[in-house]
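For reference, target18.pdb (PDB, C-alpha atoms):
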ATOM      1  CA  GLN A   5       0.000   0.000   0.000
ATOM      2  CA  VAL A   6       1.117   3.536  -0.775
ATOM      3  CA  GLN A   7       0.719   6.583   1.435
ATOM      4  CA  LEU A   8       1.051  10.149   0.191
ATOM      5  CA  VAL A   9       1.747  13.180   2.352
ATOM      6  CA  GLU A  10       1.550  16.667   0.858
ATOM      7  CA  SER A  11       3.015  19.907   2.108
ATOM      8  CA  GLY A  12       3.709  23.411   0.881
ATOM      9  CA  GLY A  13       0.316  24.999   0.404
ATOM     10  CA  GLY A  14      -0.566  28.429   1.709
ATOM     11  CA  LEU A  15      -1.631  31.972   0.910
ATOM     12  CA  VAL A  16       0.203  33.972  -1.733
ATOM     13  CA  GLN A  17      -0.448  37.139  -3.713
ATOM     14  CA  THR A  18      -1.081  37.205  -7.445
ATOM     15  CA  GLY A  19       2.176  36.702  -9.286
ATOM     16  CA  GLY A  20       3.785  34.878  -6.398
ATOM     17  CA  SER A  21       5.202  31.376  -6.180
ATOM     18  CA  LEU A  22       4.696  28.254  -4.115
ATOM     19  CA  ARG A  23       6.212  24.794  -4.166
ATOM     20  CA  LEU A  24       4.181  21.764  -3.234
ATOM     21  CA  SER A  25       5.795  18.517  -2.117
ATOM     22  CA  CYS A  26       4.363  15.014  -2.013
ATOM     23  CA  ALA A  27       6.271  12.292  -0.215
ATOM     24  CA  ALA A  28       5.343   8.697  -0.987
ATOM     25  CA  SER A  29       5.910   5.789   1.360
ATOM     26  CA  GLY A  30       4.980   2.139   1.498
ATOM     27  CA  SER A  31       4.899   0.038  -1.668
ATOM     28  CA  ILE A  32       6.797   2.537  -3.812
ATOM     29  CA  PHE A  33       7.632  -0.113  -6.403
ATOM     30  CA  SER A  34       3.946  -0.298  -7.341
ATOM     31  CA  ILE A  35       3.755   3.324  -8.514
ATOM     32  CA  ALA A  36       3.739   3.957 -12.272
ATOM     33  CA  ALA A  37       3.156   7.697 -12.260
ATOM     34  CA  MET A  38       2.482  10.563  -9.876
ATOM     35  CA  GLY A  39       0.842  13.878 -10.281
ATOM     36  CA  TRP A  40      -1.171  16.748  -8.920
ATOM     37  CA  TYR A  41      -4.861  17.466  -9.227
ATOM     38  CA  ARG A  42      -6.815  20.405  -7.895
ATOM     39  CA  GLN A  43     -10.391  21.117  -6.955
ATOM     40  CA  ALA A  44     -11.834  24.575  -6.582
ATOM     41  CA  PRO A  45     -15.123  25.187  -4.734
ATOM     42  CA  GLY A  46     -18.063  24.116  -6.853
ATOM     43  CA  LYS A  47     -15.857  22.624  -9.565
ATOM     44  CA  GLN A  48     -14.726  19.146 -10.513
ATOM     45  CA  ARG A  49     -11.303  17.855  -9.633
ATOM     46  CA  GLU A  50      -8.942  18.414 -12.551
ATOM     47  CA  LEU A  51      -5.487  17.268 -13.523
ATOM     48  CA  VAL A  52      -2.786  19.893 -13.084
ATOM     49  CA  ALA A  53       0.325  17.912 -14.022
ATOM     50  CA  ASP A  54       1.710  14.421 -13.869
ATOM     51  CA  ILE A  55       5.020  12.656 -14.356
ATOM     52  CA  THR A  56       5.765   9.040 -15.198
ATOM     53  CA  ASN A  57       8.545   6.915 -13.748
ATOM     54  CA  GLY A  58      10.414   7.586 -16.968
ATOM     55  CA  GLY A  59      10.171  11.317 -16.434
ATOM     56  CA  ARG A  60       7.560  12.103 -19.063
ATOM     57  CA  THR A  61       5.478  15.082 -17.998
ATOM     58  CA  ASN A  62       2.017  16.305 -18.862
ATOM     59  CA  TYR A  63       0.396  19.637 -17.988
ATOM     60  CA  ALA A  64      -3.030  21.180 -18.117
ATOM     61  CA  ASP A  65      -3.145  23.977 -20.680
ATOM     62  CA  SER A  66      -4.035  26.462 -17.957
ATOM     63  CA  VAL A  67      -0.712  25.949 -16.148
ATOM     64  CA  LYS A  68       1.715  25.388 -19.011
ATOM     65  CA  GLY A  69       4.674  27.714 -18.781
ATOM     66  CA  ARG A  70       3.914  28.579 -15.145
ATOM     67  CA  PHE A  71       4.024  25.259 -13.265
ATOM     68  CA  THR A  72       6.741  22.622 -13.281
ATOM     69  CA  ILE A  73       6.431  19.088 -11.977
ATOM     70  CA  SER A  74       9.533  17.172 -10.968
ATOM     71  CA  ARG A  75      10.494  14.161  -8.913
ATOM     72  CA  ASP A  76      13.337  13.088  -6.663
ATOM     73  CA  ASN A  77      13.414   9.313  -6.856
ATOM     74  CA  ALA A  78      15.917   9.041  -4.017
ATOM     75  CA  LYS A  79      13.444  10.787  -1.717
ATOM     76  CA  ASN A  80      10.297   9.271  -3.290
ATOM     77  CA  THR A  81       9.005  12.812  -3.574
ATOM     78  CA  VAL A  82       7.221  14.724  -6.301
ATOM     79  CA  TYR A  83       7.243  18.508  -6.447
ATOM     80  CA  LEU A  84       5.041  21.083  -8.101
ATOM     81  CA  GLN A  85       6.712  24.455  -8.561
ATOM     82  CA  MET A  86       4.020  27.045  -9.162
ATOM     83  CA  ASN A  87       5.049  30.456 -10.495
ATOM     84  CA  SER A  88       3.062  33.469 -11.676
ATOM     85  CA  LEU A  89       0.111  32.337  -9.607
ATOM     86  CA  LYS A  90      -3.333  33.681 -10.417
ATOM     87  CA  PRO A  91      -6.509  33.872  -8.313
ATOM     88  CA  GLU A  92      -8.005  31.156 -10.512
ATOM     89  CA  ASP A  93      -5.294  28.783  -9.263
ATOM     90  CA  THR A  94      -6.962  28.866  -5.845
ATOM     91  CA  ALA A  95      -7.986  25.314  -4.956
ATOM     92  CA  VAL A  96      -7.232  22.312  -2.828
ATOM     93  CA  TYR A  97      -4.324  20.514  -4.465
ATOM     94  CA  TYR A  98      -4.180  16.746  -4.203
ATOM     95  CA  CYS A  99      -1.229  14.498  -4.809
ATOM     96  CA  HIS A 100      -2.081  11.415  -6.843
ATOM     97  CA  ALA A 101      -0.278   8.166  -7.515
ATOM     98  CA  LEU A 102      -1.257   5.703 -10.198
ATOM     99  CA  SER A 103      -0.306   2.126  -9.498
ATOM    100  CA  ARG A 104       0.907  -0.327 -12.102
ATOM    101  CA  LEU A 105      -2.504  -1.994 -11.743
ATOM    102  CA  PHE A 106      -4.156   1.354 -12.557
ATOM    103  CA  SER A 107      -5.553   1.989  -9.103
ATOM    104  CA  SER A 108      -5.479   5.511  -7.684
ATOM    105  CA  ILE A 109      -4.033   6.684  -4.388
ATOM    106  CA  TRP A 110      -4.754  10.181  -3.109
ATOM    107  CA  GLY A 111      -3.140  12.459  -0.587
ATOM    108  CA  GLN A 112      -5.150  14.431   1.949
ATOM    109  CA  GLY A 113      -4.947  17.686  -0.002
ATOM    110  CA  THR A 114      -3.342  21.032   0.662
ATOM    111  CA  GLN A 115      -4.999  24.428   0.267
ATOM    112  CA  VAL A 116      -3.531  26.984  -2.122
ATOM    113  CA  THR A 117      -5.059  30.458  -2.000
ATOM    114  CA  VAL A 118      -4.006  33.234  -4.366
ATOM    115  CA  SER A 119      -5.182  36.682  -3.391
ATOM    116  CA  SER A 120      -5.802  39.412  -5.943
TER     117      SER A 120
END

Starting from the file, lay out its structure as structure tokens.
Amino acid sequence: QVQLVESGGGLVQTGGSLRLSCAASGSIFSIAAMGWYRQAPGKQRELVADITNGGRTNYADSVKGRFTISRDNAKNTVYLQMNSLKPEDTAVYYCHALSRLFSSIWGQGTQVTVSS
């Protein structure tokens, strides 16, 4: 079983930056990819970015050029560097891991609030 623990959320002004971290523990070998989703009030959860074990990345159009996903395999940690933040980036951000059997594991979520 895999456990995910997120950190790094908070309050920032428009144009500011934050870095989210997600540390994985447990059955790390079972993870095929990791990523970040977000859910704003009244909206569906949406993919922000993900990264495969091979390092292939994928971004939502709304964050391309502003957010960067990366991973440190030695620390079993995935990061989301968020720059040029906008009020519409305000949401709860969830770390996600996809197992090799295509099951999903979710973190507890971390709040990101961007003030205008």

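Nearest residue to Arg23 of chain A, choosing from A:Leu51, A:Ile73, A:Gly46, A:Thr56 and counting only C-alpha atoms: A:Ile73.
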
Test item: axis-aligned box, all listed atoms of segment 62-75 of chain A, 8 Å on each side, centre and edges in Å rounded to one decimal, as lines of an AutoDock Vina configuration file:
center_x = 3.2
center_y = 21.4
center_z = -14.8
size_x = 30.5
size_y = 30.4
size_z = 27.8

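Here atom CA of Ser107 of chain A is placed at a distance of 23.8 Å from atom CA of Ala95 of chain A.
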
Can you give me, as number ranges by chain, the residues this file yields under the PyMOL selection byres ((chain A and resi 103) around 10)?
A: 5-6, 31-38, 100-102, 104-109

Put those residues in a file: C-alpha atoms, as a compact mmCIF listing (two decimals), in the coordinates of the input.
# COMPACT_ATOMS: atom_id res chain seq x y z
CA GLN A 5 0.00 0.00 0.00
CA VAL A 6 1.12 3.54 -0.78
CA SER A 31 4.90 0.04 -1.67
CA ILE A 32 6.80 2.54 -3.81
CA PHE A 33 7.63 -0.11 -6.40
CA SER A 34 3.95 -0.30 -7.34
CA ILE A 35 3.76 3.32 -8.51
CA ALA A 36 3.74 3.96 -12.27
CA ALA A 37 3.16 7.70 -12.26
CA MET A 38 2.48 10.56 -9.88
CA HIS A 100 -2.08 11.42 -6.84
CA ALA A 101 -0.28 8.17 -7.52
CA LEU A 102 -1.26 5.70 -10.20
CA ARG A 104 0.91 -0.33 -12.10
CA LEU A 105 -2.50 -1.99 -11.74
CA PHE A 106 -4.16 1.35 -12.56
CA SER A 107 -5.55 1.99 -9.10
CA SER A 108 -5.48 5.51 -7.68
CA ILE A 109 -4.03 6.68 -4.39

Shell around Gly113 of chain A at 12 Å using all atoms listed in the file, local window under 6 positions removed, as a compact mmCIF listing (two decimals) with C-alpha atoms, in the coordinates of the input:
# COMPACT_ATOMS: atom_id res chain seq x y z
CA LEU A 8 1.05 10.15 0.19
CA VAL A 9 1.75 13.18 2.35
CA GLU A 10 1.55 16.67 0.86
CA SER A 11 3.02 19.91 2.11
CA GLY A 12 3.71 23.41 0.88
CA GLY A 13 0.32 25.00 0.40
CA GLY A 14 -0.57 28.43 1.71
CA LEU A 24 4.18 21.76 -3.23
CA SER A 25 5.80 18.52 -2.12
CA CYS A 26 4.36 15.01 -2.01
CA TRP A 40 -1.17 16.75 -8.92
CA TYR A 41 -4.86 17.47 -9.23
CA ARG A 42 -6.82 20.40 -7.90
CA GLN A 43 -10.39 21.12 -6.96
CA ALA A 44 -11.83 24.58 -6.58
CA ARG A 49 -11.30 17.86 -9.63
CA ALA A 95 -7.99 25.31 -4.96
CA VAL A 96 -7.23 22.31 -2.83
CA TYR A 97 -4.32 20.51 -4.46
CA TYR A 98 -4.18 16.75 -4.20
CA CYS A 99 -1.23 14.50 -4.81
CA HIS A 100 -2.08 11.42 -6.84

Which polymer residues, whether protein, DNA or RNA, lie within 8 Å of the coordinate (3.9, 16.5, -12.2) when you count all atoms listed in the file? List them as an NGL selection string, using the chain letters and numbers from the file.
:A and (38-40 or 52-55 or 61-63 or 72-75 or 82-84)

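If you apply the PyMOL selection byres ((chain A and resi 28) around 6) to this structure, you end up with Gln7, Leu8, Ala27, Ser29 and Asn80 of chain A.
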
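The closest residue to Gln115 of chain A, picked from A:Leu15, A:Lys79, A:Asp65, A:Arg60 and counting only C-alpha atoms, is A:Leu15.
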
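Residues within 10 Å of Lys90 of chain A, counting all atoms listed in the file and excluding same-chain residues fewer than 5 positions away, are Val16, Gln17, Thr18, Gly19, Gly20, Ser21, Val67, Thr117, Val118, Ser119 and Ser120 of chain A.
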
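In this comparison, which uses all atoms listed in the file, the residue of A:Gly69, A:Met86, A:Asp93, A:Asp76 approaching Asn57 of chain A most closely is A:Asp76.
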
Quick check, in Å to one decimal: how far apart do atom CA of Ser66 of chain A and atom CA of Ser88 of chain A lie?
11.8 Å

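For the pair atom CA of Gly59 of chain A and atom CA of Asn77 of chain A, the interatomic distance is 10.3 Å.
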
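Among the candidates A:Ala78, A:Gly58, A:Gly30, A:Leu89, the one nearest to Val116 of chain A when counting all atoms listed in the file is A:Leu89.
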